[in-house]
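Source file: query_4.json (JSON, C-alpha atoms)
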[["chain", "number", "residue", "atom", "x", "y", "z"],
["A", 1, "MET", "CA", 6.06, 178.42, -106.83],
["A", 2, "LYS", "CA", 3.89, 181.47, -106.32],
["A", 3, "LYS", "CA", 1.66, 181.30, -103.26],
["A", 4, "VAL", "CA", -2.04, 182.08, -103.59],
["A", 5, "PRO", "CA", -3.38, 184.32, -100.80],
["A", 6, "LEU", "CA", -5.68, 182.41, -98.43],
["A", 7, "ILE", "CA", -8.74, 184.64, -99.07],
["A", 8, "SER", "CA", -8.31, 184.35, -102.84],
["A", 9, "ALA", "CA", -8.05, 180.58, -102.53],
["A", 10, "ILE", "CA", -11.25, 180.44, -100.48],
["A", 11, "LEU", "CA", -13.10, 182.61, -103.00],
["A", 12, "TRP", "CA", -11.85, 180.42, -105.86],
["A", 13, "VAL", "CA", -13.13, 177.28, -104.11],
["A", 14, "GLN", "CA", -16.51, 178.93, -103.41],
["A", 15, "CYS", "CA", -16.78, 180.00, -107.02],
["A", 16, "PHE", "CA", -15.88, 176.50, -108.24],
["A", 17, "VAL", "CA", -18.43, 174.83, -105.96],
["A", 18, "SER", "CA", -21.11, 177.36, -106.89],
["A", 19, "THR", "CA", -20.45, 176.88, -110.60],
["A", 20, "ALA", "CA", -20.51, 173.11, -110.28],
["A", 21, "PHE", "CA", -23.82, 173.33, -108.43],
["A", 22, "CYS", "CA", -25.35, 175.70, -110.96],
["A", 23, "ASP", "CA", -24.20, 173.50, -113.82],
["A", 24, "ARG", "CA", -26.40, 170.69, -112.54],
["A", 25, "THR", "CA", -29.36, 172.87, -111.60],
["A", 26, "VAL", "CA", -32.21, 173.64, -113.99],
["A", 27, "ARG", "CA", -34.40, 176.59, -112.99],
["A", 28, "ILE", "CA", -37.76, 176.07, -114.64],
["A", 29, "GLY", "CA", -40.87, 178.24, -114.34],
["A", 30, "ALA", "CA", -44.32, 176.68, -114.21],
["A", 31, "THR", "CA", -47.91, 177.37, -113.25],
["A", 32, "PRO", "CA", -48.89, 175.29, -110.19],
["A", 33, "VAL", "CA", -51.39, 172.81, -111.68],
["A", 34, "PRO", "CA", -50.66, 170.59, -113.48],
["A", 35, "HIS", "CA", -47.28, 171.84, -114.74],
["A", 36, "ALA", "CA", -45.42, 172.18, -111.43],
["A", 37, "GLU", "CA", -46.96, 168.95, -110.19],
["A", 38, "ILE", "CA", -45.72, 167.05, -113.25],
["A", 39, "LEU", "CA", -42.25, 168.57, -112.91],
["A", 40, "ASN", "CA", -42.04, 167.72, -109.23],
["A", 41, "PHE", "CA", -43.03, 164.16, -110.09],
["A", 42, "VAL", "CA", -39.81, 163.68, -112.10],
["A", 43, "LYS", "CA", -37.44, 165.42, -109.65],
["A", 44, "GLU", "CA", -36.10, 162.21, -108.14],
["A", 45, "ASP", "CA", -35.58, 160.64, -111.56],
["A", 46, "LEU", "CA", -33.51, 163.65, -112.59],
["A", 47, "LYS", "CA", -31.41, 163.50, -109.43],
["A", 48, "LYS", "CA", -30.26, 160.07, -110.60],
["A", 49, "GLU", "CA", -29.09, 161.86, -113.75],
["A", 50, "GLU", "CA", -27.26, 164.44, -111.58],
["A", 51, "ILE", "CA", -29.80, 167.15, -112.38],
["A", 52, "ASP", "CA", -31.35, 169.29, -109.64],
["A", 53, "LEU", "CA", -34.71, 170.64, -110.80],
["A", 54, "ASP", "CA", -35.64, 173.97, -109.22],
["A", 55, "VAL", "CA", -39.33, 174.57, -109.97],
["A", 56, "ILE", "CA", -40.40, 178.23, -109.64],
["A", 57, "GLU", "CA", -44.16, 178.72, -109.64],
["A", 58, "PHE", "CA", -45.96, 181.57, -111.41],
["A", 59, "THR", "CA", -49.67, 182.40, -111.44],
["A", 60, "ASP", "CA", -49.89, 184.36, -114.68],
["A", 61, "TYR", "CA", -49.06, 183.81, -118.37],
["A", 62, "ILE", "CA", -46.73, 186.78, -118.93],
["A", 63, "THR", "CA", -44.10, 186.79, -116.18],
["A", 64, "PRO", "CA", -42.56, 183.37, -117.03],
["A", 65, "ASN", "CA", -41.74, 184.52, -120.57],
["A", 66, "ILE", "CA", -40.13, 187.70, -119.22],
["A", 67, "ALA", "CA", -38.12, 185.71, -116.66],
["A", 68, "LEU", "CA", -36.90, 183.30, -119.33],
["A", 69, "ASN", "CA", -35.94, 186.16, -121.62],
["A", 70, "ASP", "CA", -33.88, 187.91, -118.93],
["A", 71, "LYS", "CA", -32.16, 184.58, -118.06],
["A", 72, "SER", "CA", -33.70, 184.26, -114.61],
["A", 73, "LEU", "CA", -34.94, 180.87, -115.83],
["A", 74, "ASP", "CA", -33.40, 178.14, -117.96],
["A", 75, "ALA", "CA", -36.77, 177.00, -119.27],
["A", 76, "HIS", "CA", -40.47, 177.11, -118.53],
["A", 77, "PHE", "CA", -43.50, 174.85, -118.81],
["A", 78, "TYR", "CA", -46.90, 176.54, -118.75],
["A", 79, "GLN", "CA", -48.07, 177.71, -122.18],
["A", 80, "HIS", "CA", -49.56, 176.11, -125.25],
["A", 81, "GLN", "CA", -48.13, 176.31, -128.75],
["A", 82, "PRO", "CA", -50.37, 179.05, -130.27],
["A", 83, "TYR", "CA", -49.87, 181.34, -127.25],
["A", 84, "PHE", "CA", -46.11, 180.73, -127.44],
["A", 85, "GLU", "CA", -45.99, 181.59, -131.14],
["A", 86, "ASN", "CA", -48.09, 184.73, -130.74],
["A", 87, "PHE", "CA", -46.30, 186.07, -127.64],
["A", 88, "THR", "CA", -42.76, 185.51, -128.90],
["A", 89, "LYS", "CA", -43.58, 187.11, -132.24],
["A", 90, "GLU", "CA", -45.17, 190.19, -130.65],
["A", 91, "HIS", "CA", -42.31, 190.65, -128.14],
["A", 92, "ASP", "CA", -39.46, 189.55, -130.41],
["A", 93, "MET", "CA", -38.27, 186.86, -127.99],
["A", 94, "LYS", "CA", -35.94, 184.19, -129.35],
["A", 95, "PHE", "CA", -37.39, 181.06, -127.77],
["A", 96, "VAL", "CA", -37.49, 177.43, -128.85],
["A", 97, "SER", "CA", -40.08, 174.74, -128.12],
["A", 98, "LEU", "CA", -38.31, 171.61, -126.82],
["A", 99, "ALA", "CA", -41.19, 169.15, -126.45],
["A", 100, "ALA", "CA", -44.97, 168.76, -126.41],
["A", 101, "ILE", "CA", -46.13, 167.27, -123.10],
["A", 102, "HIS", "CA", -49.89, 167.51, -122.63],
["A", 103, "ILE", "CA", -53.18, 169.14, -123.55],
["A", 104, "GLU", "CA", -55.44, 170.88, -121.02],
["A", 105, "PRO", "CA", -58.89, 171.04, -122.62],
["A", 106, "LEU", "CA", -60.54, 174.45, -122.37],
["A", 107, "GLY", "CA", -64.00, 174.18, -120.82],
["A", 108, "PHE", "CA", -67.22, 176.13, -120.26],
["A", 109, "TYR", "CA", -68.23, 176.30, -116.59],
["A", 110, "SER", "CA", -71.22, 177.71, -114.75],
["A", 111, "SER", "CA", -72.44, 177.86, -111.16],
["A", 112, "LYS", "CA", -75.91, 178.94, -112.28],
["A", 113, "ILE", "CA", -76.98, 176.47, -114.96],
["A", 114, "LYS", "CA", -76.61, 172.71, -115.42],
["A", 115, "LYS", "CA", -77.18, 172.56, -119.18],
["A", 116, "ILE", "CA", -76.14, 174.94, -121.93],
["A", 117, "THR", "CA", -79.76, 175.05, -123.15],
["A", 118, "GLU", "CA", -80.61, 176.89, -119.92],
["A", 119, "LEU", "CA", -78.43, 179.86, -120.93],
["A", 120, "LYS", "CA", -80.65, 182.96, -120.96],
["A", 121, "ASP", "CA", -80.83, 185.68, -123.58],
["A", 122, "GLY", "CA", -78.27, 188.40, -122.82],
["A", 123, "ALA", "CA", -76.25, 186.19, -120.46],
["A", 124, "VAL", "CA", -72.78, 187.41, -119.51],
["A", 125, "ILE", "CA", -69.96, 185.01, -120.41],
["A", 126, "ALA", "CA", -66.39, 185.58, -119.17],
["A", 127, "ILE", "CA", -63.53, 184.58, -121.49],
["A", 128, "PRO", "CA", -59.70, 184.95, -121.39],
["A", 129, "ASN", "CA", -58.44, 188.33, -122.60],
["A", 130, "ASP", "CA", -55.10, 187.26, -124.13],
["A", 131, "PRO", "CA", -55.25, 186.99, -127.95],
["A", 132, "THR", "CA", -54.75, 183.26, -128.42],
["A", 133, "ASN", "CA", -56.95, 182.07, -125.57],
["A", 134, "GLU", "CA", -59.70, 184.53, -126.49],
["A", 135, "GLY", "CA", -59.82, 183.11, -130.00],
["A", 136, "ARG", "CA", -59.72, 179.60, -128.59],
["A", 137, "ALA", "CA", -62.65, 180.36, -126.25],
["A", 138, "LEU", "CA", -64.73, 181.87, -129.03],
["A", 139, "LEU", "CA", -64.07, 178.90, -131.31],
["A", 140, "LEU", "CA", -65.19, 176.58, -128.50],
["A", 141, "CYS", "CA", -68.42, 178.59, -128.12],
["A", 142, "GLN", "CA", -68.96, 178.41, -131.86],
["A", 143, "SER", "CA", -68.43, 174.65, -131.97],
["A", 144, "ASN", "CA", -71.16, 174.31, -129.36],
["A", 145, "GLY", "CA", -73.69, 176.46, -131.22],
["A", 146, "LEU", "CA", -73.60, 179.64, -129.14],
["A", 147, "ILE", "CA", -72.20, 181.98, -131.82],
["A", 148, "LYS", "CA", -70.83, 182.07, -135.35],
["A", 149, "LEU", "CA", -67.50, 183.62, -136.29],
["A", 150, "ASN", "CA", -65.95, 185.01, -139.44],
["A", 151, "PRO", "CA", -64.21, 181.89, -140.83],
["A", 152, "GLU", "CA", -61.25, 183.96, -142.01],
["A", 153, "ALA", "CA", -60.36, 184.91, -138.41],
["A", 154, "GLY", "CA", -59.51, 181.36, -137.35],
["A", 155, "LEU", "CA", -57.43, 180.99, -134.19],
["A", 156, "LYS", "CA", -57.10, 184.77, -133.87],
["A", 157, "SER", "CA", -60.84, 185.40, -133.60],
["A", 158, "THR", "CA", -61.93, 188.35, -131.45],
["A", 159, "LEU", "CA", -65.29, 189.72, -130.38],
["A", 160, "SER", "CA", -65.42, 191.79, -133.56],
["A", 161, "ASP", "CA", -65.39, 188.55, -135.58],
["A", 162, "ILE", "CA", -68.71, 187.37, -134.17],
["A", 163, "THR", "CA", -71.16, 187.34, -137.10],
["A", 164, "GLU", "CA", -74.12, 185.67, -135.38],
["A", 165, "ASN", "CA", -75.11, 185.81, -131.71],
["A", 166, "PRO", "CA", -78.68, 184.47, -131.44],
["A", 167, "LYS", "CA", -78.81, 184.68, -127.63],
["A", 168, "ASN", "CA", -77.27, 188.16, -127.55],
["A", 169, "LEU", "CA", -74.55, 186.90, -125.24],
["A", 170, "VAL", "CA", -72.33, 189.53, -123.62],
["A", 171, "PHE", "CA", -68.68, 188.46, -123.53],
["A", 172, "LYS", "CA", -66.52, 189.84, -120.73],
["A", 173, "GLU", "CA", -62.76, 189.68, -121.35],
["A", 174, "LEU", "CA", -60.66, 188.99, -118.25],
["A", 175, "GLU", "CA", -57.19, 187.74, -117.35],
["A", 176, "ALA", "CA", -57.26, 183.94, -117.53],
["A", 177, "ALA", "CA", -56.22, 183.47, -113.89],
["A", 178, "GLN", "CA", -59.22, 185.52, -112.70],
["A", 179, "LEU", "CA", -61.89, 183.48, -114.49],
["A", 180, "PRO", "CA", -62.66, 180.91, -111.76],
["A", 181, "ARG", "CA", -63.06, 183.71, -109.21],
["A", 182, "VAL", "CA", -65.67, 185.63, -111.19],
["A", 183, "LEU", "CA", -67.81, 182.57, -111.92],
["A", 184, "PRO", "CA", -70.43, 183.52, -109.23],
["A", 185, "ASP", "CA", -70.87, 186.92, -110.93],
["A", 186, "VAL", "CA", -71.49, 185.70, -114.48],
["A", 187, "GLU", "CA", -73.70, 183.11, -116.13],
["A", 188, "GLY", "CA", -70.71, 181.17, -117.41],
["A", 189, "ALA", "CA", -66.99, 181.31, -118.09],
["A", 190, "VAL", "CA", -64.60, 179.64, -120.50],
["A", 191, "ILE", "CA", -61.68, 178.61, -118.30],
["A", 192, "ASN", "CA", -58.23, 177.22, -119.11],
["A", 193, "GLY", "CA", -57.69, 173.70, -117.85],
["A", 194, "ASN", "CA", -54.86, 174.52, -115.42],
["A", 195, "TYR", "CA", -56.84, 177.27, -113.70],
["A", 196, "ALA", "CA", -59.97, 175.14, -113.59],
["A", 197, "ILE", "CA", -58.11, 172.28, -111.89],
["A", 198, "GLU", "CA", -56.38, 174.70, -109.50],
["A", 199, "ALA", "CA", -59.81, 176.08, -108.53],
["A", 200, "GLY", "CA", -61.01, 172.59, -107.63],
["A", 201, "PHE", "CA", -62.96, 171.75, -110.79],
["A", 202, "HIS", "CA", -62.79, 168.38, -112.48],
["A", 203, "PRO", "CA", -63.00, 169.49, -116.14],
["A", 204, "SER", "CA", -64.17, 166.19, -117.59],
["A", 205, "LYS", "CA", -67.07, 166.15, -115.08],
["A", 206, "ASP", "CA", -67.76, 169.79, -114.21],
["A", 207, "ALA", "CA", -67.48, 171.51, -117.60],
["A", 208, "LEU", "CA", -70.75, 171.86, -119.51],
["A", 209, "PHE", "CA", -68.68, 171.34, -122.64],
["A", 210, "MET", "CA", -64.96, 171.21, -123.40],
["A", 211, "GLU", "CA", -62.36, 170.67, -126.10],
["A", 212, "GLY", "CA", -61.52, 167.17, -127.27],
["A", 213, "LYS", "CA", -58.25, 165.38, -127.95],
["A", 214, "GLU", "CA", -58.03, 167.07, -131.35],
["A", 215, "SER", "CA", -57.12, 170.39, -129.68],
["A", 216, "LEU", "CA", -54.18, 172.25, -131.25],
["A", 217, "TYR", "CA", -53.31, 173.81, -127.91],
["A", 218, "VAL", "CA", -50.61, 171.45, -126.69],
["A", 219, "ASN", "CA", -48.53, 172.57, -123.68],
["A", 220, "ILE", "CA", -44.80, 172.73, -124.30],
["A", 221, "ILE", "CA", -41.39, 172.97, -122.64],
["A", 222, "VAL", "CA", -39.66, 176.17, -123.82],
["A", 223, "THR", "CA", -36.14, 177.54, -123.56],
["A", 224, "ARG", "CA", -34.07, 180.34, -125.11],
["A", 225, "GLN", "CA", -32.68, 179.94, -128.60],
["A", 226, "GLY", "CA", -29.21, 178.45, -128.34],
["A", 227, "MET", "CA", -30.03, 176.34, -125.26],
["A", 228, "GLU", "CA", -32.05, 173.69, -127.07],
["A", 229, "HIS", "CA", -29.11, 171.25, -127.05],
["A", 230, "ASP", "CA", -28.25, 171.81, -123.40],
["A", 231, "ALA", "CA", -27.66, 168.33, -121.92],
["A", 232, "ARG", "CA", -29.60, 169.17, -118.75],
["A", 233, "LEU", "CA", -32.68, 170.21, -120.70],
["A", 234, "GLN", "CA", -32.46, 167.16, -122.92],
["A", 235, "LYS", "CA", -32.45, 164.99, -119.79],
["A", 236, "LEU", "CA", -35.48, 166.89, -118.50],
["A", 237, "VAL", "CA", -37.41, 166.25, -121.71],
["A", 238, "LYS", "CA", -36.43, 162.58, -121.66],
["A", 239, "ALA", "CA", -37.63, 162.26, -118.05],
["A", 240, "LEU", "CA", -40.99, 163.84, -118.89],
["A", 241, "LYS", "CA", -41.72, 161.80, -122.01],
["A", 242, "THR", "CA", -41.91, 158.39, -120.35],
["A", 243, "GLU", "CA", -44.64, 155.83, -119.76],
["A", 244, "LYS", "CA", -44.26, 156.57, -116.05],
["A", 245, "VAL", "CA", -45.26, 160.20, -116.60],
["A", 246, "ARG", "CA", -47.99, 159.25, -119.07],
["A", 247, "HIS", "CA", -49.58, 156.97, -116.47],
["A", 248, "TYR", "CA", -49.17, 159.63, -113.78],
["A", 249, "ILE", "CA", -51.05, 162.19, -115.90],
["A", 250, "LEU", "CA", -53.85, 159.77, -116.78],
["A", 251, "ARG", "CA", -54.18, 158.53, -113.19],
["A", 252, "THR", "CA", -53.94, 161.91, -111.50],
["A", 253, "TYR", "CA", -56.12, 164.05, -113.76],
["A", 254, "ASP", "CA", -58.58, 161.45, -115.07],
["A", 255, "GLY", "CA", -59.07, 162.97, -118.53],
["A", 256, "SER", "CA", -58.76, 166.60, -117.43],
["A", 257, "VAL", "CA", -55.17, 166.60, -118.70],
["A", 258, "ILE", "CA", -54.29, 164.51, -121.77],
["A", 259, "PRO", "CA", -50.73, 163.31, -122.57],
["A", 260, "ALA", "CA", -49.45, 164.55, -125.94],
["A", 261, "PHE", "CA", -46.68, 162.00, -126.36]]
Could you write out this structure as structure tokens?
Amino acid sequence: MKKVPLISAILWVQCFVSTAFCDRTVRIGATPVPHAEILNFVKEDLKKEEIDLDVIEFTDYITPNIALNDKSLDAHFYQHQPYFENFTKEHDMKFVSLAAIHIEPLGFYSSKIKKITELKDGAVIAIPNDPTNEGRALLLCQSNGLIKLNPEAGLKSTLSDITENPKNLVFKELEAAQLPRVLPDVEGAVINGNYAIEAGFHPSKDALFMEGKESLYVNIIVTRQGMEHDARLQKLVKALKTEKVRHYILRTYDGSVIPAF
């Protein structure tokens, strides 16, 4: 019988242990609130299924997609369906949506006015600058009587699609994560739910107006094409879509985050 050198044997054992560990670990990217919080809530449940959930937090909407594409992540949980569809199409990324988890209503916030009727002529309004969230913000403003948009633009509305602007509002396009920080410098801002919560706002109480349950912008778990049947990811989805998680979302966020299952 051929003897295996001691060092080679040690390396083989290390490799085997490392592989076994990696096989049970899911590296998932998420923005801190509420995505990472929800994922951390199911960590112990997944351990019982022999899955170790490694939650890596991001503070922007672009890096997680890049990290998933270059295989630094197994999945991510931070974006809504229209953003996902637009980004993957523009960047030719082969991703798959695994499950719809929740909706974070977009809201209009202000530190200078208490009612939208107090908005002055020529007021500066900050909105997200990425294509899907900009259209979403403009549609929200339209539904609350601030502007009118070209109906053909739909979810992809931009500033050039504004057909009526009776208050001569000036829209300032900024990265979504920056919106809560600039609120003191503008008359109002349309802020994504996760960034509003992270900044200490309670959307259902602090927003002057916000989206309802009919929103199309459901937040999803995403992975690379070809991994959608991965047993670890299927267990993750199963752990998230439970009554336990539904009650956690309703109890923790009090209407600021709405379960989509």
(message) At a cut-off of 8 Å, using only C-alpha atoms, what residues contact stretch 25-40 of chain A? Leave out same-chain residues fewer than 6 positions from it and give the result as an MDAnalysis selection string.
(response) chainID A and resid 51:60 64 72:78 194:195 197:198 232:233 240 245 249 257
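Pairwise distance (atom CA of A:Thr252, atom CA of A:Ala126) equals 27.8 Å.
Nearest residue to A:Ile220, choosing from A:Val42, A:Leu139, A:Leu98, A:Ile191 and counting only C-alpha atoms: A:Leu98.
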Protein/DNA/RNA residues near (-74.7, 190.4, -121.6), cut 9 Å, all atoms listed in the file, as a PDB file with C-alpha atoms, keeping the file's coordinate frame:
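So out_36.pdb came out as:
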ATOM      1  CA  ASP A 121     -80.830 185.680-123.580  1.00  0.00           C
ATOM      2  CA  GLY A 122     -78.270 188.400-122.820  1.00  0.00           C
ATOM      3  CA  ALA A 123     -76.250 186.190-120.460  1.00  0.00           C
ATOM      4  CA  VAL A 124     -72.780 187.410-119.510  1.00  0.00           C
ATOM      5  CA  ILE A 125     -69.960 185.010-120.410  1.00  0.00           C
ATOM      6  CA  ASN A 168     -77.270 188.160-127.550  1.00  0.00           C
ATOM      7  CA  LEU A 169     -74.550 186.900-125.240  1.00  0.00           C
ATOM      8  CA  VAL A 170     -72.330 189.530-123.620  1.00  0.00           C
ATOM      9  CA  PHE A 171     -68.680 188.460-123.530  1.00  0.00           C
ATOM     10  CA  LYS A 172     -66.520 189.840-120.730  1.00  0.00           C
TER      11      LYS A 172
END
(message) Env of A:Pro180: 12 Å cut, atoms = only C-alpha atoms, seq-sep filter 3 positions within chain, self excluded. Answer as a PyMOL selection string.
(response) chain A and resi 107-111+126-128+174-177+183-186+188-201
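Distance annotation: of A:Glu44, A:Glu118, A:Asp92, A:Asp230, the residue with the minimal separation from A:Leu208 is A:Glu118; atom set is only C-alpha atoms.
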(message) Applying 10 Å and all atoms listed in the file, which residues near stretch 158-165 of chain A remain after dropping the ones on its own chain fewer than 6 positions away? List them as a PyMOL selection string.
(response) chain A and resi 121-122+129+131-139+142+145-152+171-173
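Distance-wise, atom CA of A:Asp23 and atom CA of A:Gly226 end up 16.1 Å apart.
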(request) One decimal, Å: what's the distance from atom CA of A:Phe84 over to atom CA of A:Ser256, could you say? (result) 21.4 Å
Using only C-alpha atoms, I'd like a table of the residues in stretch 101-188 of chain A that come within 10 Å of stretch 258-261 of chain A; for each, show the closest atom pair and its distance in Å rounded to one decimal, ordered by chain and ascending number, as a Markdown table.
| residue | atom | partner | partner_atom | distance |
| --- | --- | --- | --- | --- |
| A:Ile101 | CA | A:Ala260 | CA | 5.1 |
| A:His102 | CA | A:Pro259 | CA | 4.3 |
| A:Ile103 | CA | A:Ile258 | CA | 5.1 |
| A:Glu104 | CA | A:Ile258 | CA | 6.5 |
| A:Pro105 | CA | A:Ile258 | CA | 8.0 |
(request) Rank nothing, just name the residue among A:Leu68, A:Val96, A:Leu250, A:Cys141 nearest to A:Val222, using all atoms listed in the file. (result) A:Val96
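The shortest atom-to-atom distance to A:Lys47, with only C-alpha atoms taken into account, belongs to A:Leu236 out of A:Ser143, A:Thr242, A:Leu236, A:Arg251.
Minimum atom-to-atom distances from A:His247, A:Ala67, A:Gln81, A:Leu119 to A:Pro166 were compared using all atoms listed in the file, and the lowest value belongs to A:Leu119.
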(message) Here is a test: counting all atoms listed in the file, which residue of A:Glu187, A:Ala207, A:Asn219, A:His80 is nearest to A:Lys112?
(response) A:Glu187
